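*Asks:* Got a structure for you, input-v2.cif, holding mmCIF, C-alpha atoms.
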```cif
data_upload
#
loop_
_atom_site.label_atom_id
_atom_site.label_comp_id
_atom_site.auth_asym_id
_atom_site.auth_seq_id
_atom_site.Cartn_x
_atom_site.Cartn_y
_atom_site.Cartn_z
CA MET A 1 139.84 57.60 99.34
CA LYS A 2 139.29 59.26 102.71
CA LYS A 3 136.20 57.91 104.42
CA SER A 4 133.43 60.47 104.94
CA LEU A 5 132.24 61.50 108.39
CA SER A 6 128.94 59.71 107.89
CA GLY A 7 130.84 56.53 107.00
CA LYS A 8 132.92 56.85 110.15
CA ILE A 9 129.78 57.34 112.24
CA PHE A 10 128.23 54.22 110.71
CA ALA A 11 131.45 52.33 111.48
CA GLY A 12 131.40 53.58 115.06
CA LEU A 13 127.75 52.59 115.40
CA PHE A 14 128.21 49.00 114.26
CA ALA A 15 131.53 48.52 116.03
CA GLY A 16 129.97 49.74 119.28
CA LEU A 17 126.96 47.48 118.80
CA ILE A 18 129.19 44.46 118.17
CA ILE A 19 131.36 45.10 121.21
CA GLY A 20 128.38 45.85 123.43
CA THR A 21 126.55 42.73 122.24
CA ALA A 22 129.67 40.64 122.87
CA ILE A 23 129.88 42.00 126.40
CA GLN A 24 126.23 41.17 126.98
CA TYR A 25 126.25 37.60 125.66
CA LEU A 26 129.88 36.44 125.80
CA PHE A 27 131.46 38.33 128.69
CA ASN A 28 128.52 38.90 131.00
CA GLY A 29 129.74 39.06 134.57
CA VAL A 30 133.41 39.50 133.63
CA THR A 31 134.76 42.25 135.89
CA LEU A 32 137.17 43.62 133.29
CA MET A 33 134.36 44.15 130.80
CA ASP A 34 131.57 45.26 133.13
CA THR A 35 133.69 47.60 135.22
CA TYR A 36 136.43 48.97 133.02
CA VAL A 37 135.27 48.72 129.39
CA LEU A 38 131.69 49.79 130.07
CA GLY A 39 132.90 52.38 132.58
CA LEU A 40 135.26 53.88 130.01
CA ALA A 41 132.51 53.90 127.39
CA GLU A 42 130.15 55.57 129.83
CA GLY A 43 132.66 58.32 130.58
CA ALA A 44 133.56 58.95 126.94
CA GLY A 45 129.92 58.94 125.89
CA GLY A 46 129.05 61.37 128.68
CA MET A 47 131.80 63.75 127.56
CA PHE A 48 130.56 63.68 123.97
CA VAL A 49 126.98 64.44 125.03
CA SER A 50 128.26 67.28 127.24
CA LEU A 51 130.12 68.75 124.24
CA ILE A 52 126.91 68.81 122.22
CA LYS A 53 125.00 70.40 125.09
CA LEU A 54 127.81 72.94 125.47
CA LEU A 55 127.21 74.26 121.94
CA VAL A 56 123.42 74.26 121.87
CA VAL A 57 122.62 77.52 123.68
CA PRO A 58 125.17 79.84 122.00
CA LEU A 59 124.56 78.17 118.64
CA VAL A 60 120.82 78.78 118.66
CA TYR A 61 121.16 82.33 119.97
CA VAL A 62 123.83 83.45 117.50
CA SER A 63 122.29 81.72 114.46
CA ILE A 64 118.86 83.28 115.04
CA VAL A 65 120.31 86.77 115.55
CA CYS A 66 122.30 86.41 112.32
CA GLY A 67 119.24 85.17 110.46
CA ILE A 68 117.14 88.15 111.55
CA VAL A 69 119.90 90.65 110.77
CA GLU A 70 120.26 89.24 107.26
CA LEU A 71 116.50 89.68 106.72
CA LYS A 72 116.48 93.36 107.67
CA ASP A 73 115.41 94.44 104.15
CA ILE A 74 112.26 92.30 104.19
CA THR A 75 109.98 95.36 104.65
CA ALA A 76 111.23 96.80 101.37
CA PHE A 77 109.59 93.94 99.51
CA GLY A 78 106.15 94.79 100.94
CA ARG A 79 103.49 92.35 99.82
CA LEU A 80 106.02 89.99 98.24
CA GLY A 81 107.91 89.60 101.50
CA GLY A 82 104.73 89.07 103.48
CA LYS A 83 103.47 86.35 101.16
CA THR A 84 106.79 84.52 101.10
CA PHE A 85 107.21 84.73 104.86
CA ALA A 86 103.64 83.56 105.53
CA LEU A 87 103.84 80.62 103.09
CA TYR A 88 107.12 79.42 104.60
CA ILE A 89 105.58 79.48 108.09
CA ILE A 90 102.37 77.79 106.93
CA ASN A 91 104.37 75.13 105.09
CA THR A 92 106.41 74.35 108.23
CA ILE A 93 103.29 74.25 110.43
CA ILE A 94 101.61 71.76 108.05
CA ALA A 95 104.75 69.59 108.05
CA ILE A 96 104.94 69.60 111.86
CA THR A 97 101.26 68.76 112.20
CA ALA A 98 101.54 65.90 109.74
CA ALA A 99 104.71 64.51 111.36
CA LEU A 100 103.29 64.59 114.89
CA THR A 101 100.04 63.01 113.69
CA VAL A 102 101.88 60.20 111.90
CA GLY A 103 104.21 59.80 114.87
CA MET A 104 101.33 59.46 117.34
CA ILE A 105 99.66 56.90 115.07
CA PHE A 106 102.68 54.69 114.31
CA GLN A 107 104.56 55.30 117.59
CA PRO A 108 108.15 54.88 116.31
CA GLY A 109 110.45 53.30 118.88
CA ALA A 110 107.64 51.78 120.95
CA ASP A 111 109.18 48.30 120.69
CA ALA A 112 112.77 49.35 121.35
CA ASN A 113 112.54 48.87 125.13
CA LEU A 114 115.58 50.97 125.99
CA ALA A 115 114.22 52.01 129.40
CA GLY A 116 116.75 51.18 132.08
CA THR A 117 119.76 51.58 129.78
CA VAL A 118 120.32 55.19 130.79
CA SER A 119 123.71 55.79 132.38
CA GLU A 120 123.77 57.85 135.55
CA ALA A 121 126.62 59.99 134.20
CA VAL A 122 124.53 61.57 131.47
CA GLU A 123 120.97 61.12 132.72
CA LEU A 124 118.77 64.21 132.48
CA THR A 125 116.12 65.19 134.95
CA ALA A 126 112.66 64.89 133.44
CA THR A 127 110.69 68.11 133.24
CA GLU A 128 107.02 68.68 132.62
CA THR A 129 106.04 70.47 129.44
CA PRO A 130 104.09 73.62 130.40
CA ASP A 131 100.62 74.40 129.10
CA ILE A 132 100.32 76.91 126.28
CA PHE A 133 99.32 79.82 128.56
CA SER A 134 102.34 79.27 130.80
CA LEU A 135 104.50 78.87 127.71
CA ILE A 136 103.46 82.28 126.37
CA VAL A 137 103.82 84.02 129.74
CA ASN A 138 107.19 82.46 130.52
CA ILE A 139 108.66 83.09 127.08
CA VAL A 140 109.73 86.55 128.36
CA PRO A 141 112.67 86.00 130.74
CA SER A 142 113.07 88.09 133.87
CA ASN A 143 116.71 87.10 134.14
CA PRO A 144 118.61 86.53 130.87
CA VAL A 145 121.57 84.97 132.66
CA GLN A 146 119.29 82.42 134.29
CA ALA A 147 117.65 81.65 130.95
CA PHE A 148 121.04 80.86 129.42
CA ALA A 149 122.15 78.89 132.49
CA ASN A 150 118.96 76.78 132.49
CA GLY A 151 119.03 76.31 128.73
CA ASP A 152 115.44 77.57 128.36
CA MET A 153 115.36 77.57 124.57
CA LEU A 154 112.11 79.51 124.11
CA GLN A 155 113.38 82.36 126.27
CA ILE A 156 116.73 82.28 124.46
CA ILE A 157 114.98 82.42 121.07
CA PHE A 158 112.88 85.35 122.32
CA MET A 159 116.02 87.23 123.39
CA ALA A 160 117.68 86.44 120.06
CA ILE A 161 114.72 87.91 118.17
CA LEU A 162 114.82 91.07 120.31
CA THR A 163 118.57 91.38 119.76
CA GLY A 164 118.20 91.00 116.00
CA LEU A 165 115.44 93.61 115.85
CA ALA A 166 117.48 96.00 118.01
CA ILE A 167 120.44 95.69 115.65
CA GLN A 168 118.15 96.36 112.69
CA ALA A 169 116.87 99.52 114.39
CA LEU A 170 120.43 100.86 114.58
CA ASP A 171 120.55 100.97 110.78
CA THR A 172 124.10 101.69 109.57
CA ARG A 173 125.35 102.13 113.14
CA GLY A 174 124.67 98.43 113.70
CA GLY A 175 127.42 97.44 111.27
CA PRO A 176 129.97 96.51 113.97
CA ALA A 177 127.37 94.43 115.81
CA ILE A 178 126.43 92.64 112.60
CA LYS A 179 130.07 91.84 111.90
CA THR A 180 130.51 90.61 115.47
CA PHE A 181 127.55 88.24 115.32
CA LYS A 182 128.54 86.98 111.88
CA MET A 183 132.02 86.22 113.18
CA ALA A 184 130.51 84.56 116.25
CA ASN A 185 128.33 82.49 113.92
CA GLU A 186 131.39 81.40 111.93
CA ILE A 187 133.12 80.44 115.19
CA MET A 188 130.10 78.38 116.26
CA MET A 189 130.03 76.66 112.87
CA LYS A 190 133.69 75.79 113.31
CA LEU A 191 133.06 74.45 116.81
CA VAL A 192 130.15 72.36 115.56
CA GLY A 193 132.42 70.94 112.87
CA LEU A 194 135.07 70.07 115.47
CA VAL A 195 132.58 68.39 117.76
CA MET A 196 130.98 66.52 114.87
CA SER A 197 134.43 65.24 113.90
CA LEU A 198 134.40 63.46 117.27
CA ALA A 199 130.95 61.99 116.59
CA PRO A 200 132.29 58.57 115.45
CA PHE A 201 134.05 58.13 118.79
CA GLY A 202 131.11 59.46 120.81
CA VAL A 203 128.66 57.24 118.95
CA PHE A 204 131.03 54.29 119.38
CA ALA A 205 131.15 54.78 123.16
CA LEU A 206 127.41 55.36 123.58
CA MET A 207 126.53 52.37 121.41
CA ILE A 208 128.76 50.09 123.50
CA GLN A 209 126.52 50.96 126.43
CA LEU A 210 123.34 50.40 124.44
CA GLY A 211 124.72 47.28 122.76
CA ALA A 212 125.18 45.67 126.16
CA THR A 213 121.38 45.69 126.58
CA LEU A 214 120.01 45.76 123.01
CA ASP A 215 117.85 43.03 121.52
CA ALA A 216 116.54 42.29 118.04
CA ASN A 217 113.37 44.30 118.62
CA THR A 218 115.45 47.41 119.17
CA LEU A 219 117.29 47.07 115.86
CA MET A 220 114.03 46.54 114.00
CA SER A 221 112.57 49.56 115.78
CA VAL A 222 115.45 51.78 114.59
CA ALA A 223 114.97 50.53 111.02
CA GLY A 224 111.26 51.29 111.29
CA TYR A 225 112.00 54.82 112.52
CA VAL A 226 114.29 55.51 109.53
CA ALA A 227 111.72 54.08 107.12
CA LEU A 228 109.00 56.29 108.61
CA VAL A 229 111.09 59.47 108.34
CA VAL A 230 112.19 58.75 104.76
CA SER A 231 108.65 57.79 103.71
CA MET A 232 107.21 61.06 104.97
CA LEU A 233 109.94 63.12 103.33
CA VAL A 234 109.56 61.28 100.02
CA PHE A 235 105.80 61.94 100.14
CA TRP A 236 106.48 65.64 100.75
CA ILE A 237 108.94 65.87 97.85
CA PHE A 238 107.15 63.86 95.19
CA PHE A 239 103.47 64.32 96.07
CA PHE A 240 102.70 67.18 98.47
CA TYR A 241 104.74 69.95 96.82
CA PRO A 242 103.88 69.06 93.19
CA MET A 243 100.18 68.89 94.07
CA MET A 244 100.23 72.24 95.91
CA VAL A 245 102.05 73.90 93.01
CA GLY A 246 99.59 72.36 90.56
CA LEU A 247 96.56 73.62 92.49
CA ALA A 248 97.98 77.13 93.00
CA THR A 249 99.63 77.79 89.64
CA GLY A 250 98.27 75.32 87.10
CA ILE A 251 101.71 73.80 86.47
CA LYS A 252 101.30 70.04 86.15
CA PRO A 253 102.84 68.02 89.03
CA SER A 254 104.80 65.91 86.54
CA GLU A 255 106.16 69.08 84.92
CA PHE A 256 107.19 70.52 88.30
CA LEU A 257 109.00 67.28 89.14
CA ARG A 258 110.88 67.40 85.83
CA HIS A 259 112.02 70.92 86.56
CA THR A 260 113.21 70.02 90.07
CA ARG A 261 114.92 66.74 89.10
CA GLU A 262 118.41 68.25 89.04
CA GLN A 263 117.74 70.04 92.32
CA ILE A 264 116.59 66.84 94.02
CA LEU A 265 119.62 64.83 92.89
CA PHE A 266 122.04 67.59 93.88
CA SER A 267 120.52 68.04 97.34
CA LEU A 268 120.50 64.28 97.96
CA SER A 269 124.19 64.06 97.11
CA THR A 270 125.33 67.11 99.09
CA ALA A 271 122.81 67.06 101.98
CA SER A 272 123.37 70.83 102.17
CA SER A 273 120.65 73.45 101.66
CA ASN A 274 123.19 76.24 101.35
CA ALA A 275 125.19 74.37 98.71
CA THR A 276 121.98 73.83 96.72
CA ILE A 277 121.03 77.53 96.64
CA PRO A 278 122.60 78.14 93.17
CA VAL A 279 120.79 75.08 91.79
CA THR A 280 117.51 76.25 93.35
CA MET A 281 117.95 79.70 91.78
CA ARG A 282 118.64 78.14 88.39
CA THR A 283 115.62 75.85 88.70
CA LEU A 284 113.32 78.77 89.48
CA THR A 285 114.62 81.31 86.95
CA ASP A 286 115.78 79.18 84.01
CA LYS A 287 113.36 76.23 84.14
CA ILE A 288 110.17 77.50 85.77
CA GLY A 289 110.46 81.11 84.64
CA VAL A 290 110.24 82.83 88.03
CA SER A 291 111.59 86.40 87.99
CA LYS A 292 115.03 86.98 89.48
CA SER A 293 113.61 89.47 91.98
CA VAL A 294 111.29 86.87 93.50
CA ALA A 295 113.87 84.09 93.46
CA GLY A 296 116.65 86.34 94.71
CA PHE A 297 114.63 87.26 97.77
CA GLY A 298 112.76 84.03 98.46
CA VAL A 299 115.53 81.45 98.12
CA PRO A 300 117.93 82.89 100.75
CA LEU A 301 114.96 83.47 103.06
CA GLY A 302 113.87 79.86 102.55
CA ALA A 303 117.36 78.60 103.39
CA THR A 304 116.89 80.25 106.79
CA MET A 305 113.30 79.53 107.73
CA ASN A 306 111.60 77.11 105.32
CA MET A 307 112.41 73.99 107.31
CA SER A 308 109.58 71.56 106.63
CA GLY A 309 112.01 68.68 106.16
CA VAL A 310 113.86 69.47 109.39
CA SER A 311 110.53 69.74 111.21
CA ILE A 312 109.42 66.30 110.07
CA TYR A 313 112.83 64.86 110.95
CA ILE A 314 113.18 66.26 114.47
CA ALA A 315 109.51 65.62 115.34
CA LEU A 316 109.71 61.91 114.50
CA ALA A 317 113.21 61.61 116.01
CA THR A 318 112.03 63.06 119.32
CA LEU A 319 108.98 60.81 119.43
CA PHE A 320 111.24 57.83 118.64
CA VAL A 321 113.58 58.55 121.55
CA ALA A 322 110.68 59.25 123.92
CA ASN A 323 108.97 55.96 123.05
CA ALA A 324 112.20 53.95 122.97
CA PHE A 325 113.10 54.98 126.52
CA GLY A 326 109.63 54.46 127.92
CA GLN A 327 108.76 58.15 128.29
CA PRO A 328 106.14 58.69 125.53
CA ILE A 329 104.85 62.18 124.78
CA ASN A 330 101.29 62.70 126.00
CA SER A 331 98.71 63.90 123.52
CA ALA A 332 98.09 66.91 125.78
CA ASP A 333 101.69 68.03 125.24
CA ILE A 334 101.68 67.69 121.44
CA PHE A 335 100.67 71.29 120.74
CA THR A 336 103.43 72.70 122.93
CA LEU A 337 105.93 70.30 121.40
CA GLY A 338 104.85 71.37 117.91
CA LEU A 339 105.30 75.06 118.75
CA THR A 340 108.76 74.36 120.15
CA ILE A 341 109.71 72.43 117.00
CA LEU A 342 108.49 75.34 114.83
CA LEU A 343 110.76 77.81 116.60
CA LEU A 344 113.74 75.46 116.71
CA SER A 345 113.42 74.42 113.06
CA ILE A 346 113.64 78.06 111.99
CA GLY A 347 116.75 78.40 114.13
CA ALA A 348 118.29 75.33 112.50
CA GLY A 349 118.78 77.05 109.13
CA GLY A 350 122.30 76.79 107.73
CA VAL A 351 123.62 74.75 110.67
CA PRO A 352 125.69 71.68 109.73
CA GLY A 353 124.07 68.68 111.36
CA GLY A 354 121.31 71.04 112.47
CA GLY A 355 118.73 68.27 112.75
CA VAL A 356 120.84 66.32 115.25
CA VAL A 357 121.60 69.47 117.26
CA MET A 358 117.92 70.41 117.42
CA VAL A 359 116.97 66.89 118.50
CA GLY A 360 119.51 67.29 121.29
CA VAL A 361 117.80 70.53 122.32
CA LEU A 362 114.40 68.85 122.47
CA LEU A 363 115.76 65.89 124.43
CA HIS A 364 117.16 68.34 126.95
CA GLN A 365 113.89 70.28 127.11
CA LEU A 366 111.82 67.13 127.65
CA GLY A 367 114.25 65.49 130.07
CA LEU A 368 114.81 62.50 127.77
CA PRO A 369 117.98 60.33 127.88
CA PRO A 370 120.74 61.82 125.69
CA GLU A 371 121.92 58.33 124.69
CA GLY A 372 119.09 58.37 122.19
CA LEU A 373 121.04 61.03 120.34
CA ALA A 374 123.67 58.41 119.43
CA ILE A 375 121.08 56.44 117.46
CA ILE A 376 119.74 59.60 115.81
CA ALA A 377 123.27 60.68 114.82
CA ALA A 378 124.18 57.22 113.55
CA VAL A 379 121.40 57.22 110.95
CA ASP A 380 121.46 60.98 110.39
CA ARG A 381 123.07 60.81 106.94
CA ILE A 382 120.19 58.77 105.53
CA ASN A 383 117.53 61.04 106.99
CA ASP A 384 119.45 64.25 106.29
CA MET A 385 119.68 63.54 102.55
CA PHE A 386 115.91 63.45 102.15
CA CYS A 387 115.44 66.17 104.76
CA THR A 388 117.59 68.58 102.72
CA SER A 389 115.84 67.65 99.50
CA SER A 390 112.45 68.35 101.10
CA ASN A 391 113.65 71.75 102.29
CA VAL A 392 114.99 72.92 98.93
CA VAL A 393 112.08 71.59 96.85
CA GLY A 394 109.84 73.39 99.33
CA ASP A 395 111.73 76.61 98.57
CA THR A 396 111.06 76.10 94.88
CA ALA A 397 107.37 75.34 95.45
CA VAL A 398 106.74 78.37 97.67
CA ASN A 399 108.56 80.79 95.37
CA THR A 400 106.71 79.42 92.34
CA ILE A 401 103.36 80.00 94.07
CA VAL A 402 104.36 83.51 95.17
CA ALA A 403 105.63 84.38 91.69
CA LYS A 404 102.35 83.22 90.14
CA SER A 405 100.31 85.36 92.55
CA GLU A 406 102.49 88.38 91.73
CA ASN A 407 102.48 87.74 87.95
CA GLU A 408 106.24 87.36 88.17
CA ILE A 409 106.43 84.05 86.31
CA GLY A 410 106.99 83.42 82.61
CA THR A 411 103.85 82.74 80.59
CA ALA A 412 105.58 80.06 78.55
CA VAL A 413 107.66 77.71 80.65
CA GLU A 414 109.94 75.43 78.70
CA THR A 415 109.93 71.79 79.72
CA ASP A 416 112.98 69.56 79.49
CA SER A 417 111.58 67.85 76.39
CA GLU A 418 111.01 71.22 74.69
CA LEU A 419 114.55 72.31 75.50
CA GLN A 420 115.91 69.08 74.04
CA ALA A 421 113.82 69.53 70.90
CA GLU A 422 115.01 73.13 70.52
CA ARG A 423 118.65 72.08 70.91
CA ALA A 424 118.17 69.32 68.34
CA THR A 425 116.70 71.80 65.88
CA VAL A 426 119.57 74.26 66.34
CA SER A 427 122.19 71.55 65.92
#
```
What does the file become when written as structure tokens?
*Replies:*
Amino acid sequence: MKKSLSGKIFAGLFAGLIIGTAIQYLFNGVTLMDTYVLGLAEGAGGMFVSLIKLLVVPLVYVSIVCGIVELKDITAFGRLGGKTFALYIINTIIAITAALTVGMIFQPGADANLAGTVSEAVELTATETPDIFSLIVNIVPSNPVQAFANGDMLQIIFMAILTGLAIQALDTRGGPAIKTFKMANEIMMKLVGLVMSLAPFGVFALMIQLGATLDANTLMSVAGYVALVVSMLVFWIFFFYPMMVGLATGIKPSEFLRHTREQILFSLSTASSNATIPVTMRTLTDKIGVSKSVAGFGVPLGATMNMSGVSIYIALATLFVANAFGQPINSADIFTLGLTILLLSIGAGGVPGGGVVMVGVLLHQLGLPPEGLAIIAAVDRINDMFCTSSNVVGDTAVNTIVAKSENEIGTAVETDSELQAERATVS
């Protein structure tokens, strides 16, 4: 059976670590290894990082424009649309706040000690995070070309929002523009897929460099980072959402979990929010009793902007890289970082490997070493499974709450046990 991409990335990770560790402890000082093997790894790793950076700006711009264009009918839903939109945003803000708080308490990556392992070929210049007033003022670019050239993501997101709204204002005349951006989005998805197919080789090269300086504390630190991300996402899936639904609708948390069981398993296996949309629709309409009008509007919207799982993932991943390379985020910069994560997480909707790409954006914004992205990508499959599950269960929770407030939910919701009993009676 053909090995999956995630399996190949894991293989590249461990192979790179083994070779790098061998160079460090067995061939230290050998010219062939130090000069040629590490030099080749440095060049290949730098090219891979440059490929990722190459895609970031057009990817974010095009995906956000497409997302806004697809939501052009939101005003027709009036109060329903406003509630759904607001709850998705609130949900993401709560997730970001919780992730940054947990990250500042536990400091993932603090014991990794990767400072000094940055290669000159791919080192980024550190930049100061602006205060919130400067952030708001500078979000409007005076020169769009310069914004794209500098990779200023907040200005790019602002321009993408304006572009999407302008296309909406054209009404039917905007059809050609919509088709153009949708095609551009498909092209970017294809490019992302091509670059991600090279991820095993890029991770392999970058991990050779890191393996030449890694120690046991680093490996334990990476394991601790993964455990922290998964723990938070599991809490969100099995405790936070069921409790919120229970408080807002009266549906018991255990009952909500039974209804979403199929959805959770499917999202864990596919790690794709878009692929889980039909299962989410079925969960809402057939199991919970939400009306098709609410589910039909809220689920596609949630696939675009309800990114609590992604927010938790990229927040902790960024803090991990910052701590691991000795450039921790100051508490004064947390608010600005959180706002940036909110905007980027919304832009990550529907993007394959979106969490890794968004982490790359934040590393660039903060001037952090891009080698950290190799570690994030290597363990992405584990985190992404639970990240996707958190996103889709969040869609179900929000739409259930909205449906209850709009009286668009069945008065008698059948549980799995009731369905089984009914089937037994019929048979």
*Asks:* The PyMOL selection byres ((chain A and resi 180-191) around 9) on the file shown: which residues, as a ChimeraX atom specification?
*Replies:* /A:55,58-59,62-63,65-66,175-179,192-196,351-352
*Asks:* When you draw a straight line from atom CA of A:Asn330 to atom CA of A:Leu343, how long is it in Å?
*Replies:* 20.2 Å
*Asks:* Go through A:Val290, A:Ala112, A:Ala166, A:Ala248 one by one, measure the shortest atom-to-atom distance of each to A:Gln327 using all atoms listed in the file, and give the residue with the smallest value.
*Replies:*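 Checking each of A:Val290, A:Ala112, A:Ala166, A:Ala248 against A:Gln327, counting all atoms listed in the file, the winner is A:Ala112.
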*Asks:* As a PDB file with C-alpha atoms, keeping the file's coordinate frame, please: the residues near stretch 43-47 of chain A (cut-off 8 Å, only C-alpha atoms, same-chain neighbours under 2 positions excluded).
*Replies:*
```
ATOM      1  CA  GLY A  39     132.900  52.380 132.580  1.00  0.00           C
ATOM      2  CA  LEU A  40     135.260  53.880 130.010  1.00  0.00           C
ATOM      3  CA  ALA A  41     132.510  53.900 127.390  1.00  0.00           C
ATOM      4  CA  VAL A  49     126.980  64.440 125.030  1.00  0.00           C
ATOM      5  CA  SER A  50     128.260  67.280 127.240  1.00  0.00           C
ATOM      6  CA  LEU A  51     130.120  68.750 124.240  1.00  0.00           C
ATOM      7  CA  ALA A 121     126.620  59.990 134.200  1.00  0.00           C
ATOM      8  CA  VAL A 122     124.530  61.570 131.470  1.00  0.00           C
ATOM      9  CA  GLY A 202     131.110  59.460 120.810  1.00  0.00           C
ATOM     10  CA  VAL A 203     128.660  57.240 118.950  1.00  0.00           C
ATOM     11  CA  ALA A 205     131.150  54.780 123.160  1.00  0.00           C
ATOM     12  CA  LEU A 206     127.410  55.360 123.580  1.00  0.00           C
TER      13      LEU A 206
END
```
*Asks:* Fewer than 2 positions away in the same chain doesn't count, so skip those; otherwise give me all residues within 12 Å of A:Lys292, counting only C-alpha atoms, as a ChimeraX atom specification.
*Replies:* /A:280-286,288-290,294-299,399-400,403,408-410
